[in-house]
Structure formats: structure tokens, C-alpha cells
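Below: my_file_31.cif (mmCIF, C-alpha atoms)
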data_protein
loop_
_atom_site.label_atom_id
_atom_site.label_comp_id
_atom_site.auth_asym_id
_atom_site.auth_seq_id
_atom_site.Cartn_x
_atom_site.Cartn_y
_atom_site.Cartn_z
CA MET G 1 0.00 0.00 0.00
CA LYS G 2 2.79 2.43 0.96
CA LEU G 3 4.65 1.57 -2.24
CA THR G 4 1.55 2.32 -4.32
CA ILE G 5 1.08 5.75 -2.68
CA PHE G 6 4.77 6.57 -3.10
CA THR G 7 4.69 5.47 -6.75
CA SER G 8 1.55 7.56 -7.34
CA ILE G 9 3.18 10.65 -5.83
CA ILE G 10 6.29 10.24 -7.97
CA ALA G 11 4.18 9.76 -11.11
CA LEU G 12 2.14 12.88 -10.27
CA LEU G 13 5.30 14.97 -9.79
CA ILE G 14 6.69 13.79 -13.12
CA LEU G 15 3.43 14.70 -14.86
CA MET G 16 3.45 18.17 -13.27
CA SER G 17 6.91 18.99 -14.61
CA GLY G 18 7.53 19.90 -18.24
CA CYS G 19 9.41 21.98 -20.75
CA ALA G 20 8.71 24.29 -23.67
CA SER G 21 10.73 26.28 -26.17
CA THR G 22 9.97 28.84 -28.84
CA SER G 23 11.73 30.98 -31.43
CA TYR G 24 11.14 34.69 -31.91
CA SER G 25 11.92 37.34 -34.50
CA VAL G 26 11.20 41.06 -34.12
CA GLY G 27 11.67 43.61 -36.87
CA LYS G 28 12.91 42.95 -40.38
CA SER G 29 16.36 41.52 -40.99
CA PHE G 30 18.74 43.75 -42.97
CA SER G 31 22.23 43.36 -44.39
CA SER G 32 24.95 44.41 -41.95
CA GLU G 33 27.40 44.67 -44.86
CA ASN G 34 25.36 47.50 -46.43
CA VAL G 35 26.03 49.77 -43.44
CA ALA G 36 29.51 50.48 -44.85
CA GLN G 37 27.82 52.04 -47.92
CA ILE G 38 26.28 54.86 -45.84
CA ILE G 39 28.17 58.13 -46.38
CA LYS G 40 27.39 61.03 -44.05
CA GLY G 41 26.34 64.12 -45.98
CA LYS G 42 25.73 62.15 -49.18
CA THR G 43 23.46 59.10 -48.75
CA THR G 44 19.79 59.99 -49.30
CA SER G 45 16.63 58.54 -47.78
CA ALA G 46 15.79 56.94 -51.16
CA GLN G 47 19.19 55.20 -51.17
CA LEU G 48 18.58 53.95 -47.62
CA VAL G 49 15.30 52.37 -48.74
CA GLN G 50 17.15 50.69 -51.63
CA LEU G 51 19.83 49.35 -49.26
CA PHE G 52 17.69 48.30 -46.28
CA GLY G 53 14.01 48.58 -47.19
CA GLU G 54 11.58 50.62 -45.09
CA PRO G 55 12.77 51.33 -41.53
CA PHE G 56 11.26 49.72 -38.43
CA THR G 57 10.33 53.22 -37.17
CA LYS G 58 10.50 56.83 -38.38
CA SER G 59 10.39 59.80 -36.01
CA VAL G 60 10.15 63.48 -36.85
CA ILE G 61 12.77 65.46 -34.94
CA SER G 62 12.10 68.90 -36.44
CA SER G 63 10.67 70.42 -39.61
CA ASN G 64 13.66 69.17 -41.64
CA GLU G 65 15.09 66.30 -39.52
CA GLU G 66 14.02 62.68 -39.13
CA LYS G 67 15.33 59.70 -37.21
CA TRP G 68 15.04 56.28 -38.86
CA ILE G 69 15.60 53.05 -36.97
CA TYR G 70 16.28 49.67 -38.51
CA MET G 71 16.09 46.91 -35.92
CA HIS G 72 16.11 43.12 -35.94
CA SER G 73 16.23 40.72 -33.00
CA SER G 74 15.87 36.95 -33.10
CA GLY G 75 16.51 34.01 -30.82
CA THR G 76 15.03 31.29 -28.69
CA SER G 77 13.39 31.02 -25.31
CA SER G 78 13.09 27.85 -23.32
CA ALA G 79 11.34 27.05 -20.06
CA GLN G 80 11.65 24.05 -17.78
CA SER G 81 9.12 23.54 -15.01
CA TYR G 82 10.17 21.71 -11.85
CA VAL G 83 6.82 21.48 -10.01
CA PHE G 84 7.40 24.47 -7.67
CA THR G 85 10.09 26.36 -9.61
CA MET G 86 10.73 27.27 -13.22
CA ASP G 87 13.93 27.80 -15.20
CA VAL G 88 13.57 30.23 -18.16
CA LYS G 89 16.44 31.01 -20.56
CA THR G 90 16.48 33.44 -23.49
CA THR G 91 19.30 33.75 -26.04
CA GLY G 92 19.64 35.37 -29.45
CA THR G 93 21.13 38.15 -31.58
CA GLN G 94 20.14 41.73 -32.23
CA LYS G 95 21.21 44.56 -34.50
CA THR G 96 20.15 48.19 -34.59
CA LEU G 97 20.88 50.95 -37.10
CA ASP G 98 19.93 54.49 -35.95
CA ILE G 99 20.07 57.12 -38.70
CA LEU G 100 19.63 60.88 -38.42
CA LEU G 101 18.56 62.61 -41.67
CA LYS G 102 18.44 66.32 -42.40
CA ASP G 103 16.61 67.44 -45.55
CA GLY G 104 16.52 63.77 -46.67
CA VAL G 105 20.30 63.23 -46.37
CA VAL G 106 22.14 61.19 -43.71
CA ILE G 107 24.01 63.43 -41.26
CA ASN G 108 24.83 60.77 -38.65
CA TYR G 109 24.26 57.10 -37.87
CA ALA G 110 25.12 54.43 -35.31
CA PHE G 111 25.16 50.65 -35.85
CA THR G 112 25.31 47.96 -33.16
CA GLU G 113 25.22 44.19 -33.59
CA GLY G 114 25.71 41.35 -31.15
CA PRO G 115 24.09 38.85 -28.84
CA THR G 116 20.94 39.77 -26.97
CA PRO G 117 21.34 39.84 -23.23
CA THR G 118 20.96 36.28 -21.92
CA TYR G 119 18.23 36.03 -19.33
CA THR G 120 17.92 33.19 -16.87
CA VAL G 121 14.97 33.24 -14.48
CA GLN G 122 14.55 30.65 -11.77
#
Can you dump the structure from the file as C-alpha cells?
Amino acid sequence: MKLTIFTSIIALLILMSGCASTSYSVGKSFSSENVAQIIKGKTTSAQLVQLFGEPFTKSVISSNEEKWIYMHSSGTSSAQSYVFTMDVKTTGTQKTLDILLKDGVVINYAFTEGPTPTYTVQ
């Protein structure tokens, strides 16, 4: 009888634990190599669209200035449940291209690319 109860408890605990994983992608991927083709004071907004497509966001700074942002982030998330606790991990890559335009011409830009911060929650 005691063995049956113990076996039932173990089976219940195993059934209550589990795991899941998923992939994510935010923004539209763009070519990192094309960033080298941007020339401050020369590259136009039309050329940017040819190189990268439409930006993720556009913001008006003033009557003749805009900020365009190209952003892409992708990776995986996984979760493991241990009855009373959970282990969640997120990994991936991200890249961001911030561009400042004045009168439709690039006056400044910044590009970053690398791994997304790795999160582990327990």
C-alpha cells in the first residue's frame, strides 16, 4: 500500500513537470554589410530604402530632420518547469541601425550588432 502511494506521488510529480521552447523574430532583418555604404552628408533617404528597405520606425525630430531606426532581433526562449520552480532562458542576436537625416540626407548614424542579453529566471 505504501509503495503504491509513493509510486503515485512520484508519477504525479513527473506529470506536473515539463518543458517548452519557442523561437522569436522582431523587426525585419537587414544586411549588416550594407552599413559600410552609408556616407554622411551624401546618402539619401531613397538610397537607404534601396539598401535596407523601409525602416522599423521613423520619427520626426524637427521640420527638416528625421530619425530612422532599422532593428532586428531573433533568438530562442526555453522554459523548464520543476513542479514548484521554473527555469527560463532566453538567447539570441540583435542589430540596430539608428540614422539621423536632415533634408533627406544622412548626417549621422550608429550601428550595433551582437548577442541579446541572456536572461535566466529561476
When the PyMOL selection byres ((chain G and resi 69) around 9) is applied to the structure above, which residues does it catch, written out as a PyMOL selection string?
chain G and resi 55-59+67-68+70-71+96-100
Using only C-alpha atoms, find each residue of region 45-81 of chain G with at least one atom at most 9 Å away from an atom of region 36-41 of chain G; report its shortest atom-to-atom pair and that distance in Å (one decimal), sort the rows by chain and rising residue number, and return the result as JSON lines.
{"residue": "G:Gln47", "atom": "CA", "partner": "G:Ile38", "partner_atom": "CA", "distance": 8.9}
{"residue": "G:Leu48", "atom": "CA", "partner": "G:Ile38", "partner_atom": "CA", "distance": 8.0}
{"residue": "G:Leu51", "atom": "CA", "partner": "G:Gln37", "partner_atom": "CA", "distance": 8.5}
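Atom pair CA of Ser63 (chain G) / CA of Gly104 (chain G): separated by 11.3 Å.
When CA of Glu113 (chain G) is paired with CA of Gln80 (chain G), their separation reads 29.0 Å.
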So what do you get for CA of Glu66 (chain G) versus CA of Pro115 (chain G), distance-wise?
27.8 Å
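Near (21.5, 47.4, -40.4), the residues inside the 8 Å limit, counting only C-alpha atoms, come to Ser29, Phe30, Ser31, Ser32, Glu33, Asn34, Val35, Phe52, Tyr70, Met71, Lys95, Thr96, Leu97 and Phe111 of chain G.
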Can you tell me, as a PyMOL selection string, what residues are no more than 6 Å from Thr116 (chain G) when counting all atoms listed in the file, ignoring any on the same chain fewer than 5 positions away?
chain G and resi 92-94
Taking all atoms of region 51-64 of chain G that appear in the file, build a box with edges along x, y and z, extend it by 4 Å on every side, and state its centre and edge lengths in Å to one decimal, as lines of an AutoDock Vina configuration file.
center_x = 15.0
center_y = 59.4
center_z = -42.1
size_x = 17.7
size_y = 30.1
size_z = 22.3
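Candidate residues G:Ile107, G:Ser62, G:Thr91, G:Gly27 were compared for distance to Thr76 (chain G), and the nearest is G:Thr91, using all atoms listed in the file.
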Would you kindly translate the PyMOL selection byres ((chain G and resi 102) around 6) into the concrete residues it picks from this file, as a VMD selection string?
chain G and resid 64 to 65 101 103 to 105
